[in-house]
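Take a look at the structure below.
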Amino acid sequence: MPGCELPLGTCPDMCPAAERARRETERRLHRFEVAPGCRADSPRADPRRTVKEYCRPAAGKPAPPPSQLRPPSVLLATVRYLAGEVADRTDASPAEVASFVVDRLRAVRLDLALQGAGDAETAVVLEAALATLLVVVARLGPDQGRGVLDPVLLQTQVQEGFGSLRRCYARGSGPHPRQAAFQGLFLLYNLGSPEALREVLQLPATLRACPPLGMALAVDMAYREGNIARLFRLLRTLPYLQSCAVQGHVGHVRREALARFACALSTPKGQTLPLGFMVHLLALDGLHEAQDLCQAHGLPLAGEEKVVFLRGRYVEEGLPPAGTCHTLVGSKLQGRTLEEVVMAEEEDELHKPPCPARRGCLSQSLSTGSESLGLFS
């Protein structure tokens, strides 16, 4: 950072040679890092695959020399590798992939913190790292990570990623073309948080007027008002990365909608509701997911296409079903690779403040939710 006496990293590889040699000797290489063709009893590190692991700085220990720190260009190449070659692996479980990627991205942030890189290049690396982290966490279902990854640790890592990036933005040394998008991601990830909304509303008006951040504010408004129909209409229109950020809230919103249905429709004899209506309203991935949602909350089915709301049958136990979220998330990749999404999620025009006509349309969209707070608005 400007004015600091921190050195600049000089390590040209994703993992310093000394660490590669040490981990090879200690048999601490991850299988993603082993050179192809090695014997199982004698794994060798592949310099093109081995990535520096996170090591907590010890109190009183001298700072690592520049030769052990990767400069921003190498860090960005490392994030690109993790997004393009590791995060999409099909020969490993989502939990194994997430465990590896989360640790290596944590090391990326630490390398940045220990050197005096400029704010502009630091922000580019942090943006790519955070985008990759959001995707791998979204792909990790709530049951897949148990015993491997602590959900609290995952959330902490995401919040620390947002914190590092937003502090970099706040120092004001730009330009930061993707700032509006990532401020919007911060709000979507913390949907409904008064503190997150307060921080976003304190941003400059020109930044809040940018479409990515304006859309995030509209989603947050619909969520706060309990306008389920409008919320899911907006969620359908979000790009892939924004959908990953908000995915953790989808199950809870669907549970809230089902609770409202139960309160409004339950009778002693029971009323039926077509599951197809729920699929459309809540952006579910087909009748089977609607059936699972209803049965997880104690509601009986009438055949395969209707649910029966009987008084006293609705229950909430544990976490709501996560669902596959293909409609709301997975389908939005549209043939792009994760590397393409991470390195440049938004089109160029989304970084520009809208023209007066578009700003008026955006203001109108932000205000329409206040006209009706009902479920079916």
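Going by the structure tokens order, chains are called A, B, ..., each with residues numbered from 1, while ligands are numbered from 1 in the order shown.
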
List as CSV every residue of segment 217-265 of chain A that is in contact with segment 297-319 of chain A, defined as an atom at most 12 Å from one of its atoms (using only C-alpha atoms), together with the nearest atom pair and the distance in Å rounded to one decimal, sorted by chain and then rising number.
residue,atom,partner,partner_atom,distance
A:Gly248,CA,A:Leu319,CA,11.2
A:His249,CA,A:Leu319,CA,11.3
A:Val250,CA,A:Leu319,CA,11.6
A:Gly251,CA,A:Leu319,CA,8.2
A:His252,CA,A:Leu319,CA,8.1
A:Val253,CA,A:Leu319,CA,11.8
A:Arg254,CA,A:His297,CA,11.3
A:Arg255,CA,A:Glu316,CA,8.3
A:Glu256,CA,A:Glu316,CA,10.2
A:Ala257,CA,A:His297,CA,11.9
A:Leu258,CA,A:His297,CA,8.6
A:Ala259,CA,A:Tyr314,CA,7.5
A:Arg260,CA,A:Tyr314,CA,10.4
A:Phe261,CA,A:Phe309,CA,8.0
A:Ala262,CA,A:Phe309,CA,6.0
A:Cys263,CA,A:Arg311,CA,8.4
A:Ala264,CA,A:Phe309,CA,9.2
A:Leu265,CA,A:Phe309,CA,6.2

Just asking: which residues within segment 165-338 of chain A are strand (DSSP E or B) according to DSSP, as a JSON list (two decimals) with N, CA and C atoms, in the first residue's frame?
[["chain", "number", "residue", "atom", "x", "y", "z"],
["A", 267, "THR", "N", -57.06, -25.70, 6.75],
["A", 267, "THR", "CA", -58.39, -25.89, 7.33],
["A", 267, "THR", "C", -58.45, -27.28, 7.95],
["A", 271, "GLN", "N", -57.17, -27.88, 2.36],
["A", 271, "GLN", "CA", -57.30, -27.27, 1.05],
["A", 271, "GLN", "C", -56.09, -27.66, 0.21],
["A", 272, "THR", "N", -56.32, -27.85, -1.06],
["A", 272, "THR", "CA", -55.23, -28.24, -1.94],
["A", 272, "THR", "C", -54.72, -27.05, -2.74],
["A", 273, "LEU", "N", -53.47, -27.15, -3.13],
["A", 273, "LEU", "CA", -52.83, -26.12, -3.95],
["A", 273, "LEU", "C", -51.97, -26.83, -4.99],
["A", 274, "PRO", "N", -52.07, -26.45, -6.24],
["A", 274, "PRO", "CA", -51.24, -27.10, -7.27],
["A", 274, "PRO", "C", -49.76, -26.87, -7.01],
["A", 301, "LEU", "N", -49.37, -34.86, 0.49],
["A", 301, "LEU", "CA", -49.60, -34.62, -0.93],
["A", 301, "LEU", "C", -50.88, -35.31, -1.37],
["A", 302, "ALA", "N", -51.53, -34.71, -2.35],
["A", 302, "ALA", "CA", -52.70, -35.33, -3.00],
["A", 302, "ALA", "C", -52.26, -35.72, -4.40],
["A", 306, "LYS", "N", -50.39, -31.99, -6.27],
["A", 306, "LYS", "CA", -51.06, -31.08, -5.34],
["A", 306, "LYS", "C", -50.57, -31.34, -3.92],
["A", 307, "VAL", "N", -50.59, -30.29, -3.12],
["A", 307, "VAL", "CA", -50.28, -30.39, -1.70],
["A", 307, "VAL", "C", -51.54, -30.05, -0.92],
["A", 308, "VAL", "N", -51.72, -30.69, 0.23],
["A", 308, "VAL", "CA", -52.89, -30.48, 1.06],
["A", 308, "VAL", "C", -52.47, -29.72, 2.31],
["A", 309, "PHE", "N", -53.14, -28.58, 2.54],
["A", 309, "PHE", "CA", -52.86, -27.79, 3.74],
["A", 309, "PHE", "C", -53.89, -28.14, 4.80],
["A", 310, "LEU", "N", -53.48, -28.99, 5.74],
["A", 310, "LEU", "CA", -54.32, -29.40, 6.87],
["A", 310, "LEU", "C", -53.87, -28.64, 8.11]]

- Message: Env of Asp285 of chain A: 8 Å cut, atoms = only C-alpha atoms, seq-sep filter 2 positions within chain, self excluded. Answer as a list in words.
- Response: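 Close residues of Asp285 of chain A: Val279, Ala283, Leu287, His288, Glu289, Ala290, Gly323, Thr324, Cys325, His326 and Thr327 of chain A.
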
Just the selected residues (all heavy atoms), exported as a PDB file, in the first residue's frame, please.
ATOM      1  N   VAL A 279     -43.964 -24.158  -7.846  1.00  0.00           N
ATOM      2  CA  VAL A 279     -42.754 -24.232  -8.665  1.00  0.00           C
ATOM      3  C   VAL A 279     -42.508 -22.895  -9.352  1.00  0.00           C
ATOM      4  O   VAL A 279     -41.385 -22.374  -9.379  1.00  0.00           O
ATOM      5  CB  VAL A 279     -42.867 -25.361  -9.710  1.00  0.00           C
ATOM      6  CG1 VAL A 279     -41.739 -25.271 -10.726  1.00  0.00           C
ATOM      7  CG2 VAL A 279     -42.854 -26.720  -9.031  1.00  0.00           C
ATOM      8  N   ALA A 283     -39.580 -20.441  -7.852  1.00  0.00           N
ATOM      9  CA  ALA A 283     -38.460 -20.781  -8.749  1.00  0.00           C
ATOM     10  C   ALA A 283     -37.828 -22.115  -8.367  1.00  0.00           C
ATOM     11  O   ALA A 283     -36.591 -22.248  -8.303  1.00  0.00           O
ATOM     12  CB  ALA A 283     -37.419 -19.671  -8.752  1.00  0.00           C
ATOM     13  N   LEU A 287     -41.490 -30.331 -10.091  1.00  0.00           N
ATOM     14  CA  LEU A 287     -42.461 -30.822  -9.113  1.00  0.00           C
ATOM     15  C   LEU A 287     -41.795 -31.612  -7.992  1.00  0.00           C
ATOM     16  O   LEU A 287     -42.235 -31.563  -6.838  1.00  0.00           O
ATOM     17  CB  LEU A 287     -43.515 -31.687  -9.801  1.00  0.00           C
ATOM     18  CG  LEU A 287     -44.474 -30.968 -10.764  1.00  0.00           C
ATOM     19  CD1 LEU A 287     -45.408 -31.971 -11.431  1.00  0.00           C
ATOM     20  CD2 LEU A 287     -45.293 -29.918 -10.012  1.00  0.00           C
ATOM     21  N   HIS A 288     -40.741 -32.366  -8.332  1.00  0.00           N
ATOM     22  CA  HIS A 288     -40.093 -33.190  -7.303  1.00  0.00           C
ATOM     23  C   HIS A 288     -39.540 -32.330  -6.171  1.00  0.00           C
ATOM     24  O   HIS A 288     -39.601 -32.713  -5.005  1.00  0.00           O
ATOM     25  CB  HIS A 288     -38.967 -34.021  -7.927  1.00  0.00           C
ATOM     26  CG  HIS A 288     -37.832 -33.211  -8.458  1.00  0.00           C
ATOM     27  ND1 HIS A 288     -37.903 -32.513  -9.649  1.00  0.00           N
ATOM     28  CD2 HIS A 288     -36.588 -32.958  -7.946  1.00  0.00           C
ATOM     29  CE1 HIS A 288     -36.771 -31.876  -9.856  1.00  0.00           C
ATOM     30  NE2 HIS A 288     -35.956 -32.122  -8.850  1.00  0.00           N
ATOM     31  N   GLU A 289     -39.009 -31.153  -6.507  1.00  0.00           N
ATOM     32  CA  GLU A 289     -38.473 -30.281  -5.463  1.00  0.00           C
ATOM     33  C   GLU A 289     -39.597 -29.661  -4.641  1.00  0.00           C
ATOM     34  O   GLU A 289     -39.450 -29.461  -3.428  1.00  0.00           O
ATOM     35  CB  GLU A 289     -37.603 -29.194  -6.100  1.00  0.00           C
ATOM     36  CG  GLU A 289     -36.679 -28.516  -5.115  1.00  0.00           C
ATOM     37  CD  GLU A 289     -35.555 -27.761  -5.798  1.00  0.00           C
ATOM     38  OE1 GLU A 289     -34.554 -28.420  -6.171  1.00  0.00           O
ATOM     39  OE2 GLU A 289     -35.679 -26.537  -5.957  1.00  0.00           O
ATOM     40  N   ALA A 290     -40.721 -29.370  -5.285  1.00  0.00           N
ATOM     41  CA  ALA A 290     -41.875 -28.865  -4.549  1.00  0.00           C
ATOM     42  C   ALA A 290     -42.405 -29.932  -3.595  1.00  0.00           C
ATOM     43  O   ALA A 290     -42.793 -29.634  -2.455  1.00  0.00           O
ATOM     44  CB  ALA A 290     -42.961 -28.420  -5.518  1.00  0.00           C
ATOM     45  N   GLY A 323     -32.261 -27.688  -1.841  1.00  0.00           N
ATOM     46  CA  GLY A 323     -32.630 -27.698  -3.251  1.00  0.00           C
ATOM     47  C   GLY A 323     -31.400 -27.624  -4.140  1.00  0.00           C
ATOM     48  O   GLY A 323     -30.283 -27.355  -3.695  1.00  0.00           O
ATOM     49  N   THR A 324     -31.599 -27.863  -5.424  1.00  0.00           N
ATOM     50  CA  THR A 324     -30.475 -27.834  -6.358  1.00  0.00           C
ATOM     51  C   THR A 324     -30.199 -26.433  -6.885  1.00  0.00           C
ATOM     52  O   THR A 324     -29.094 -26.139  -7.340  1.00  0.00           O
ATOM     53  CB  THR A 324     -30.769 -28.762  -7.555  1.00  0.00           C
ATOM     54  OG1 THR A 324     -32.012 -28.377  -8.164  1.00  0.00           O
ATOM     55  CG2 THR A 324     -30.870 -30.208  -7.100  1.00  0.00           C
ATOM     56  N   CYS A 325     -31.211 -25.569  -6.847  1.00  0.00           N
ATOM     57  CA  CYS A 325     -31.066 -24.177  -7.314  1.00  0.00           C
ATOM     58  C   CYS A 325     -30.546 -24.095  -8.746  1.00  0.00           C
ATOM     59  O   CYS A 325     -29.790 -23.187  -9.088  1.00  0.00           O
ATOM     60  CB  CYS A 325     -30.156 -23.373  -6.388  1.00  0.00           C
ATOM     61  SG  CYS A 325     -30.984 -22.802  -4.882  1.00  0.00           S
ATOM     62  N   HIS A 326     -30.942 -25.047  -9.591  1.00  0.00           N
ATOM     63  CA  HIS A 326     -30.499 -24.970 -10.992  1.00  0.00           C
ATOM     64  C   HIS A 326     -31.138 -23.787 -11.699  1.00  0.00           C
ATOM     65  O   HIS A 326     -30.473 -23.066 -12.438  1.00  0.00           O
ATOM     66  CB  HIS A 326     -30.843 -26.270 -11.723  1.00  0.00           C
ATOM     67  CG  HIS A 326     -30.469 -26.235 -13.173  1.00  0.00           C
ATOM     68  ND1 HIS A 326     -29.163 -26.331 -13.607  1.00  0.00           N
ATOM     69  CD2 HIS A 326     -31.236 -26.099 -14.296  1.00  0.00           C
ATOM     70  CE1 HIS A 326     -29.141 -26.248 -14.933  1.00  0.00           C
ATOM     71  NE2 HIS A 326     -30.366 -26.103 -15.374  1.00  0.00           N
ATOM     72  N   THR A 327     -32.428 -23.577 -11.458  1.00  0.00           N
ATOM     73  CA  THR A 327     -33.120 -22.461 -12.111  1.00  0.00           C
ATOM     74  C   THR A 327     -32.540 -21.123 -11.681  1.00  0.00           C
ATOM     75  O   THR A 327     -32.304 -20.243 -12.515  1.00  0.00           O
ATOM     76  CB  THR A 327     -34.621 -22.505 -11.792  1.00  0.00           C
ATOM     77  OG1 THR A 327     -35.176 -23.718 -12.305  1.00  0.00           O
ATOM     78  CG2 THR A 327     -35.355 -21.326 -12.413  1.00  0.00           C
TER      79      THR A 327
END

- Message: Let me make sure I understand: among A:Leu105, A:Leu238, A:Thr132, A:Val51, which one has the smallest atom-to-atom distance to Asp88 of chain A if we use only C-alpha atoms?
- Response: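 So, comparing all the options, the nearest one is A:Thr132.
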
- Query: When distances are computed from only C-alpha atoms, which of A:Gly192, A:Pro72, A:Gly174, A:Pro151 shows the smallest separation from Asp119 of chain A?
  - Reply: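 Using only C-alpha atoms, the shortest distance to Asp119 of chain A belongs to A:Gly174.
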
- Message: So that I can see what lies close to Pro47 of chain A, please list as a PyMOL selection string the residues with an atom at most 8 Å from it, counting only C-alpha atoms and leaving out residues fewer than 6 positions away in the same chain.
- Response: chain A and resi 13-15+20

Per residue of segment 240-328 of chain A within 12 Å of segment 120-131 of chain A, record the nearest atom pair and its distance in Å to one decimal, counting only C-alpha atoms, with rows in chain order and ascending residue number, as a tab-separated table.
residue	atom	partner	partner_atom	distance
A:Tyr240	CA	A:Ala131	CA	10.5
A:Leu241	CA	A:Ala131	CA	7.0
A:Gln242	CA	A:Ala131	CA	9.4
A:Ser243	CA	A:Ala131	CA	11.5
A:Cys244	CA	A:Ala131	CA	9.1
A:Ala245	CA	A:Ala131	CA	9.0

Those same residues - C-alpha atoms - I'd like them written as a PDB file, in the first residue's frame.
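Just written: part_39.pdb:
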ATOM      1  CA  TYR A 240     -24.582 -16.083 -11.985  1.00  0.00           C
ATOM      2  CA  LEU A 241     -22.169 -14.611  -9.450  1.00  0.00           C
ATOM      3  CA  GLN A 242     -24.871 -12.563  -7.732  1.00  0.00           C
ATOM      4  CA  SER A 243     -27.052 -15.682  -7.602  1.00  0.00           C
ATOM      5  CA  CYS A 244     -24.234 -17.574  -5.865  1.00  0.00           C
ATOM      6  CA  ALA A 245     -23.970 -14.798  -3.274  1.00  0.00           C
TER       7      ALA A 245
END

- Query: Between atom CA of Val136 of chain A and atom CA of Ala21 of chain A, what is the spacing in Å?
  - Reply: 28.5 Å

- Query: Within 12 Å of Leu140 of chain A, counting only C-alpha atoms, which residues qualify if same-chain residues fewer than 4 places away don't, as a VMD selection string?
  - Reply: chain A and resid 87 93 to 99 101 to 102 133 to 136 144 to 146 148 to 151 154 244 247 to 248 322 to 325

For C-alpha atoms, I'd like the residues from the last selection saved as a short mmCIF file (atom, residue, chain, number, x, y, z; two decimals), in the first residue's frame.
data_model
loop_
_atom_site.label_atom_id
_atom_site.label_comp_id
_atom_site.auth_asym_id
_atom_site.auth_seq_id
_atom_site.Cartn_x
_atom_site.Cartn_y
_atom_site.Cartn_z
CA ALA A 87 -13.03 -25.53 -8.77
CA SER A 93 -16.41 -34.10 -4.10
CA PRO A 94 -17.54 -30.48 -3.72
CA ALA A 95 -16.36 -30.67 -0.11
CA GLU A 96 -12.82 -31.69 -1.09
CA VAL A 97 -12.64 -29.03 -3.77
CA ALA A 98 -13.96 -26.35 -1.41
CA SER A 99 -11.54 -27.33 1.36
CA VAL A 101 -9.69 -23.78 -2.68
CA VAL A 102 -10.70 -22.01 0.55
CA LEU A 133 -14.82 -18.31 -2.97
CA LEU A 134 -18.50 -17.38 -3.42
CA VAL A 135 -18.90 -19.96 -6.18
CA VAL A 136 -17.26 -22.90 -4.39
CA GLN A 144 -21.80 -32.01 1.89
CA GLY A 145 -19.44 -30.00 4.06
CA ARG A 146 -20.25 -31.58 7.40
CA VAL A 148 -14.90 -31.59 6.35
CA LEU A 149 -15.57 -27.86 6.50
CA ASP A 150 -16.98 -25.83 9.34
CA PRO A 151 -19.90 -23.70 7.98
CA LEU A 154 -16.64 -20.74 5.57
CA CYS A 244 -24.23 -17.57 -5.86
CA GLN A 247 -28.18 -18.64 -2.65
CA GLY A 248 -27.78 -19.20 1.08
CA ALA A 322 -31.37 -26.62 0.16
CA GLY A 323 -32.63 -27.70 -3.25
CA THR A 324 -30.48 -27.83 -6.36
CA CYS A 325 -31.07 -24.18 -7.31
#

- Message: DSSP on the backbone: which residues in segment 113-355 of chain A end up as helix (DSSP H, G or I)? Give the answer as number ranges by chain.
- Response: A: 113, 119-139, 151-170, 179-189, 194-201, 205-208, 211-225, 228-237, 240-265, 275-281, 287-296, 330-333, 338-343, 348-351

- Item | Residues near Phe162 of chain A, cut-off 9 Å, only C-alpha atoms, skip fewer than 4 positions along chain, as a ChimeraX atom specification | /A:126-127,130,157-158,166-167,182-183,185-186

So that I have them on file, write out the residues from the current selection with N, CA, C and O atoms, as a tab-separated table (two decimals), in the first residue's frame.
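The result, written out as selection.tsv:
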chain	number	residue	atom	x	y	z
A	126	LEU	N	-8.18	-9.44	-5.09
A	126	LEU	CA	-9.20	-9.72	-4.08
A	126	LEU	C	-10.56	-9.99	-4.70
A	126	LEU	O	-11.32	-10.83	-4.22
A	127	GLU	N	-10.89	-9.26	-5.76
A	127	GLU	CA	-12.16	-9.48	-6.46
A	127	GLU	C	-12.23	-10.89	-7.04
A	127	GLU	O	-13.22	-11.60	-6.88
A	130	LEU	N	-12.45	-13.48	-4.19
A	130	LEU	CA	-13.76	-13.50	-3.54
A	130	LEU	C	-14.81	-14.13	-4.45
A	130	LEU	O	-15.66	-14.88	-3.99
A	157	GLN	N	-14.61	-16.78	6.35
A	157	GLN	CA	-13.69	-16.52	5.24
A	157	GLN	C	-14.32	-15.61	4.19
A	157	GLN	O	-13.66	-14.71	3.65
A	158	VAL	N	-15.60	-15.82	3.90
A	158	VAL	CA	-16.29	-14.96	2.93
A	158	VAL	C	-16.37	-13.54	3.47
A	158	VAL	O	-16.08	-12.57	2.75
A	166	ARG	N	-13.42	-4.34	0.61
A	166	ARG	CA	-14.10	-3.07	0.84
A	166	ARG	C	-13.17	-2.07	1.53
A	166	ARG	O	-13.29	-0.86	1.30
A	167	ARG	N	-12.24	-2.53	2.34
A	167	ARG	CA	-11.24	-1.62	2.91
A	167	ARG	C	-10.32	-1.09	1.81
A	167	ARG	O	-9.91	0.08	1.84
A	182	PHE	N	-19.29	-5.64	-6.73
A	182	PHE	CA	-18.89	-6.34	-5.50
A	182	PHE	C	-19.51	-5.72	-4.25
A	182	PHE	O	-19.73	-6.42	-3.25
A	183	GLN	N	-19.82	-4.43	-4.28
A	183	GLN	CA	-20.61	-3.87	-3.18
A	183	GLN	C	-22.00	-4.49	-3.19
A	183	GLN	O	-22.59	-4.75	-2.13
A	185	LEU	N	-22.67	-7.54	-4.30
A	185	LEU	CA	-22.49	-8.90	-3.80
A	185	LEU	C	-22.45	-8.92	-2.28
A	185	LEU	O	-22.99	-9.84	-1.64
A	186	PHE	N	-21.81	-7.91	-1.69
A	186	PHE	CA	-21.76	-7.81	-0.22
A	186	PHE	C	-23.16	-7.70	0.36
A	186	PHE	O	-23.49	-8.37	1.36

- Item | Nearest-residue call for Thr10 of chain A, choices A:Val34, A:Leu75, A:Leu197, A:Ala180, using only C-alpha atoms |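 The shortest atom-to-atom distance to Thr10 of chain A comes from A:Leu75.
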
Please provide the set of residues having any atom within 6 Å of segment 106-110 of chain A, restricted to only C-alpha atoms, with same-chain residues fewer than 2 positions apart removed, written as a PDB file with C-alpha atoms, in the first residue's frame.
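Below is the file selection.pdb, written as the result:
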ATOM      1  CA  GLU A  53      -1.010 -23.329   1.589  1.00  0.00           C
ATOM      2  CA  TYR A  54      -2.181 -21.033   4.368  1.00  0.00           C
ATOM      3  CA  ASP A 103      -7.303 -22.711   2.159  1.00  0.00           C
ATOM      4  CA  ARG A 104      -5.332 -21.566  -0.899  1.00  0.00           C
ATOM      5  CA  LEU A 112      -1.286  -9.521  -0.279  1.00  0.00           C
ATOM      6  CA  ALA A 113      -1.455  -8.286   3.308  1.00  0.00           C
TER       7      ALA A 113
END

- Message: So, with only C-alpha atoms as the atoms that count, which of A:Gly37, A:Ala196, A:Thr337, A:Ala205 lies closest to Arg89 of chain A?
- Response: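 For Arg89 of chain A, the nearest of the given residues is A:Thr337.
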
- Query: From the set A:Leu114, A:Met278, A:Val341, A:Leu217, which residue has the shortest atom-to-atom contact distance to Tyr189 of chain A, counting only C-alpha atoms?
  - Reply: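 Checking each of A:Leu114, A:Met278, A:Val341, A:Leu217 against Tyr189 of chain A, counting only C-alpha atoms, the winner is A:Leu217.
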